[in-house]
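A.B. asks: Below you will find the structure I want to go over with you.
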Amino acid sequence: MEQVKYVYSIGCSYTGGTGLENYKDRFSYLLSQRFEAEEINEGMGGGSNLRIFRKVIDWVAVNPEKLKHTLFLVQWTYGGRNELWYCGPTPNEVGEVVYNPDNNWDGAWYNSHYGHDGYTDWDKLRKDRNEINPFYLPPNPILSDILCRYIISFQNIFQNNNCRYIMFQGHMARHDDGSDVVGEINFKSKLGRGIDKTNWITKYGLRDYCSLSNNLTECEHADPKGHQNWTDLLHSKYEELYL
């Protein structure tokens with residue numbers, strides 16, 4: 001087994017370390033220290049699964065020589081999040097749209113939600129000052145299918161390249177009907193059955209796990225002890241899979 005030289009972590013604020021005073025308290029850094037490896041953390045607060053998909057694909061494509069030395073930690077987030085490419089005028093801190101005569105800006109990806117962009121509609125308001133574009137969230141089965149496609153794609157990429165990886169959710173919102181639906185992932189759906197859960201922590205999400213031991217910050221993210229406990233769980237999962 002090749003040495004782990006890079007611990008690549010991706011997710012939303014749960015992976016980014018929101019609520020911590022020191023980034024060295026987050027699980028990605030703690031686990032990288034156990035391997036004496038470099039921490040690469042691309043988690044971002046409010047980030048979507050589409051962003052997670054985009055960032056991992058980019059990193060894999062640009063770093064083929066590092067894949068055999070990389071442990072990928074993929075934390076999936078809430079299915080209702082989205083991201084949009086935007087290169088037009090943007091609102092300032094008070095919501096006023098600023099038109100920049102300098103058109104050299106090529107644009108960027110922005111966090112958003114389905115049916116709502118938060119940028120292009122700032123200058124298209126109704127008389128009641130609400131945006132014209134209504135908020136629309138696809139139903140849970142559609143959100144699950146979208147996410148399952150990302151997961152199955154990663155699964156195939158990682159397995160075909162002999163990559164080491166562990167997947168989990170940031171927060172599991174279990175449904176009240178007792179069905180095997182975790183957050184917006186329905187593992188019993190047609191696409192969900194295509195997910196190989198061998199490399200998953202399926203019993204809890206990071207936030208849920210830390211909640212059980214009262215290791216959440218005021219903003220309901222893992223505190224330093226919670227990240228330490230999650231690191232232990234990840235390391236145990238790694239040993240189960242690869243040692």
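In the structure tokens, the first chain shown is A, the next is B, and so on; residue numbers restart at 1 for each chain, and ligands run from 1 in the order shown.
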Assign secondary structure with DSSP using the backbone only, and return the residues of stretch 8-73 of chain A in strand (DSSP E) as JSON, numbers by chain.
C.D. replies: {"A": [8, 9, 10, 38, 39, 40, 41, 70, 71, 72, 73]}
A.B. asks: Let's see if you can do this: from backbone DSSP, list all alpha helix (DSSP H) residues in stretch 194-233 of chain A, as JSON, numbers by chain.
C.D. replies: {"A": [206, 207, 208, 209, 210, 211, 212, 224, 225, 226, 227, 228, 229, 230, 231, 232, 233]}
A.B. asks: Where does stretch 13-117 of chain A meet stretch 137-147 of chain A within 12 Å, residue by residue, with the nearest atom pair and distance in Å to one decimal for each, counting only C-alpha atoms, listed by chain and rising number, as a Markdown table?
C.D. replies:
```
| residue | atom | partner | partner_atom | distance |
| --- | --- | --- | --- | --- |
| A:Ser48 | CA | A:Leu147 | CA | 10.2 |
| A:Asn49 | CA | A:Leu147 | CA | 7.1 |
| A:Leu50 | CA | A:Leu147 | CA | 8.4 |
| A:Arg51 | CA | A:Leu147 | CA | 11.6 |
| A:Ile52 | CA | A:Leu147 | CA | 10.6 |
| A:Phe53 | CA | A:Leu147 | CA | 9.6 |
| A:Gln75 | CA | A:Leu147 | CA | 12.0 |
| A:Trp76 | CA | A:Leu147 | CA | 8.5 |
| A:Thr77 | CA | A:Leu147 | CA | 9.4 |
| A:Tyr78 | CA | A:Leu143 | CA | 9.2 |
| A:Gly79 | CA | A:Leu143 | CA | 5.6 |
| A:Gly80 | CA | A:Leu137 | CA | 6.4 |
| A:Arg81 | CA | A:Leu137 | CA | 9.1 |
| A:Asn82 | CA | A:Leu137 | CA | 10.3 |
| A:Ser112 | CA | A:Leu137 | CA | 11.5 |
| A:His113 | CA | A:Leu137 | CA | 7.7 |
| A:Tyr114 | CA | A:Leu137 | CA | 5.5 |
| A:Gly115 | CA | A:Leu137 | CA | 6.7 |
| A:His116 | CA | A:Leu137 | CA | 9.1 |
```
A.B. asks: Hey, can you spit out that residue selection with C-alpha atoms as a PDB file, in the first residue's frame?
C.D. replies:
```
ATOM      1  CA  SER A  48     -23.240  22.649  -2.769  1.00  0.00           C
ATOM      2  CA  ASN A  49     -22.843  19.088  -3.962  1.00  0.00           C
ATOM      3  CA  LEU A  50     -22.391  20.484  -7.451  1.00  0.00           C
ATOM      4  CA  ARG A  51     -19.402  22.460  -6.172  1.00  0.00           C
ATOM      5  CA  ILE A  52     -18.042  19.331  -4.467  1.00  0.00           C
ATOM      6  CA  PHE A  53     -18.350  17.442  -7.747  1.00  0.00           C
ATOM      7  CA  GLN A  75     -18.585  15.070   2.824  1.00  0.00           C
ATOM      8  CA  TRP A  76     -21.854  15.462   0.937  1.00  0.00           C
ATOM      9  CA  THR A  77     -24.080  18.379   1.885  1.00  0.00           C
ATOM     10  CA  TYR A  78     -27.751  19.391   1.655  1.00  0.00           C
ATOM     11  CA  GLY A  79     -29.313  18.463  -1.677  1.00  0.00           C
ATOM     12  CA  GLY A  80     -31.191  21.743  -2.098  1.00  0.00           C
ATOM     13  CA  ARG A  81     -28.005  23.730  -2.633  1.00  0.00           C
ATOM     14  CA  ASN A  82     -26.771  24.596  -6.086  1.00  0.00           C
ATOM     15  CA  SER A 112     -27.144  29.395  -4.679  1.00  0.00           C
ATOM     16  CA  HIS A 113     -30.272  27.286  -4.266  1.00  0.00           C
ATOM     17  CA  TYR A 114     -32.410  25.683  -6.919  1.00  0.00           C
ATOM     18  CA  GLY A 115     -34.656  28.254  -8.587  1.00  0.00           C
ATOM     19  CA  HIS A 116     -32.853  31.167  -6.942  1.00  0.00           C
TER      20      HIS A 116
END
```
A.B. asks: Could you check how far atom CA of A:Gly47 sits from atom CA of A:Lys197, in Å to one decimal?
C.D. replies: 23.3 Å
A.B. asks: List as a ChimeraX atom specification the protein and nucleic acid residues near A:Gly43, meaning an atom at most 9 Å away when only C-alpha atoms are counted, but skip any in the same chain fewer than 5 places from it.
C.D. replies: /A:9-17,52,75
A.B. asks: Keeping only C-alpha atoms, write the selected residues to a file as a compact mmCIF listing (two decimals), in the first residue's frame.
C.D. replies:
```
# COMPACT_ATOMS: atom_id res chain seq x y z
CA SER A 9 -11.14 16.89 2.08
CA ILE A 10 -14.17 18.48 0.43
CA GLY A 11 -17.58 19.47 1.74
CA CYS A 12 -19.43 22.45 3.15
CA SER A 13 -18.97 24.30 6.46
CA TYR A 14 -18.86 21.03 8.39
CA THR A 15 -15.60 20.17 6.63
CA GLY A 16 -14.32 23.73 6.37
CA GLY A 17 -14.29 24.04 10.16
CA ILE A 52 -18.04 19.33 -4.47
CA GLN A 75 -18.58 15.07 2.82
```
A.B. asks: Excluding A:Leu31 and residues on its chain fewer than 5 positions from it, collect all residues at most 12 Å away from it, counting only C-alpha atoms, and give them as an NGL selection string.
C.D. replies: :A and (4-9 or 24-26 or 36-41 or 71-73 or 227-238)
A.B. asks: Can you spit out the residues from that selection as a compact mmCIF listing (two decimals), in the first residue's frame, using N, CA and C atoms?
C.D. replies:
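Produced file again_23.txt, reproduced below:
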```txt
# COMPACT_ATOMS: atom_id res chain seq x y z
N VAL A 4 0.17 7.44 2.31
CA VAL A 4 -0.73 8.58 2.15
C VAL A 4 0.08 9.86 2.34
N LYS A 5 0.19 10.64 1.28
CA LYS A 5 0.93 11.90 1.35
C LYS A 5 0.01 13.11 1.32
N TYR A 6 -1.24 12.88 0.90
CA TYR A 6 -2.20 13.98 0.80
C TYR A 6 -3.55 13.52 1.35
N VAL A 7 -4.11 14.31 2.25
CA VAL A 7 -5.47 14.08 2.73
C VAL A 7 -6.33 15.18 2.12
N TYR A 8 -7.09 14.81 1.10
CA TYR A 8 -7.92 15.77 0.37
C TYR A 8 -9.34 15.72 0.92
N SER A 9 -9.81 16.83 1.48
CA SER A 9 -11.14 16.89 2.08
C SER A 9 -11.99 17.92 1.35
N LYS A 24 -6.44 24.12 12.73
CA LYS A 24 -5.72 22.90 13.09
C LYS A 24 -6.56 21.98 13.98
N ASP A 25 -7.73 22.45 14.40
CA ASP A 25 -8.64 21.61 15.18
C ASP A 25 -9.59 20.81 14.31
N ARG A 26 -9.62 21.07 13.01
CA ARG A 26 -10.59 20.37 12.16
C ARG A 26 -10.08 18.97 11.80
N GLU A 36 1.19 11.96 8.64
CA GLU A 36 2.32 12.83 8.28
C GLU A 36 2.18 13.26 6.83
N ALA A 37 0.96 13.67 6.50
CA ALA A 37 0.62 14.02 5.12
C ALA A 37 0.22 15.50 5.04
N GLU A 38 0.10 15.98 3.82
CA GLU A 38 -0.33 17.36 3.58
C GLU A 38 -1.84 17.43 3.61
N GLU A 39 -2.37 18.40 4.34
CA GLU A 39 -3.82 18.62 4.36
C GLU A 39 -4.21 19.50 3.18
N ILE A 40 -5.21 19.03 2.41
CA ILE A 40 -5.81 19.83 1.35
C ILE A 40 -7.29 19.89 1.66
N ASN A 41 -7.76 21.03 2.14
CA ASN A 41 -9.15 21.17 2.56
C ASN A 41 -9.83 22.20 1.66
N LEU A 71 -5.68 10.28 0.04
CA LEU A 71 -6.90 9.80 0.69
C LEU A 71 -7.95 10.87 0.51
N PHE A 72 -9.05 10.54 -0.17
CA PHE A 72 -10.14 11.48 -0.40
C PHE A 72 -11.21 11.32 0.68
N LEU A 73 -11.56 12.43 1.32
CA LEU A 73 -12.65 12.47 2.29
C LEU A 73 -13.74 13.36 1.70
N HIS A 227 -14.43 17.25 16.42
CA HIS A 227 -13.55 16.97 15.28
C HIS A 227 -12.54 15.88 15.64
N GLN A 228 -12.08 15.89 16.88
CA GLN A 228 -11.14 14.85 17.30
C GLN A 228 -11.81 13.48 17.28
N ASN A 229 -13.05 13.41 17.76
CA ASN A 229 -13.78 12.14 17.76
C ASN A 229 -14.05 11.66 16.33
N TRP A 230 -14.39 12.61 15.45
CA TRP A 230 -14.66 12.25 14.06
C TRP A 230 -13.37 11.77 13.38
N THR A 231 -12.25 12.37 13.74
CA THR A 231 -10.96 11.91 13.22
C THR A 231 -10.70 10.47 13.61
N ASP A 232 -11.00 10.13 14.85
CA ASP A 232 -10.84 8.74 15.31
C ASP A 232 -11.70 7.80 14.48
N LEU A 233 -12.94 8.22 14.20
CA LEU A 233 -13.85 7.38 13.43
C LEU A 233 -13.34 7.20 11.99
N LEU A 234 -12.86 8.28 11.40
CA LEU A 234 -12.32 8.21 10.04
C LEU A 234 -11.09 7.31 9.98
N HIS A 235 -10.23 7.44 10.99
CA HIS A 235 -9.01 6.63 11.00
C HIS A 235 -9.36 5.15 11.15
N SER A 236 -10.34 4.85 11.98
CA SER A 236 -10.77 3.47 12.14
C SER A 236 -11.34 2.93 10.83
N LYS A 237 -12.11 3.77 10.13
CA LYS A 237 -12.67 3.36 8.85
C LYS A 237 -11.56 3.12 7.83
N TYR A 238 -10.55 3.97 7.84
CA TYR A 238 -9.42 3.79 6.93
C TYR A 238 -8.72 2.45 7.21
```
A.B. asks: Please, what distance in Å, to one decimal, runs between atom CA of A:Gly46 and atom CA of A:Gly19?
C.D. replies: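 Distance reported for this atom pair: 13.7 Å.
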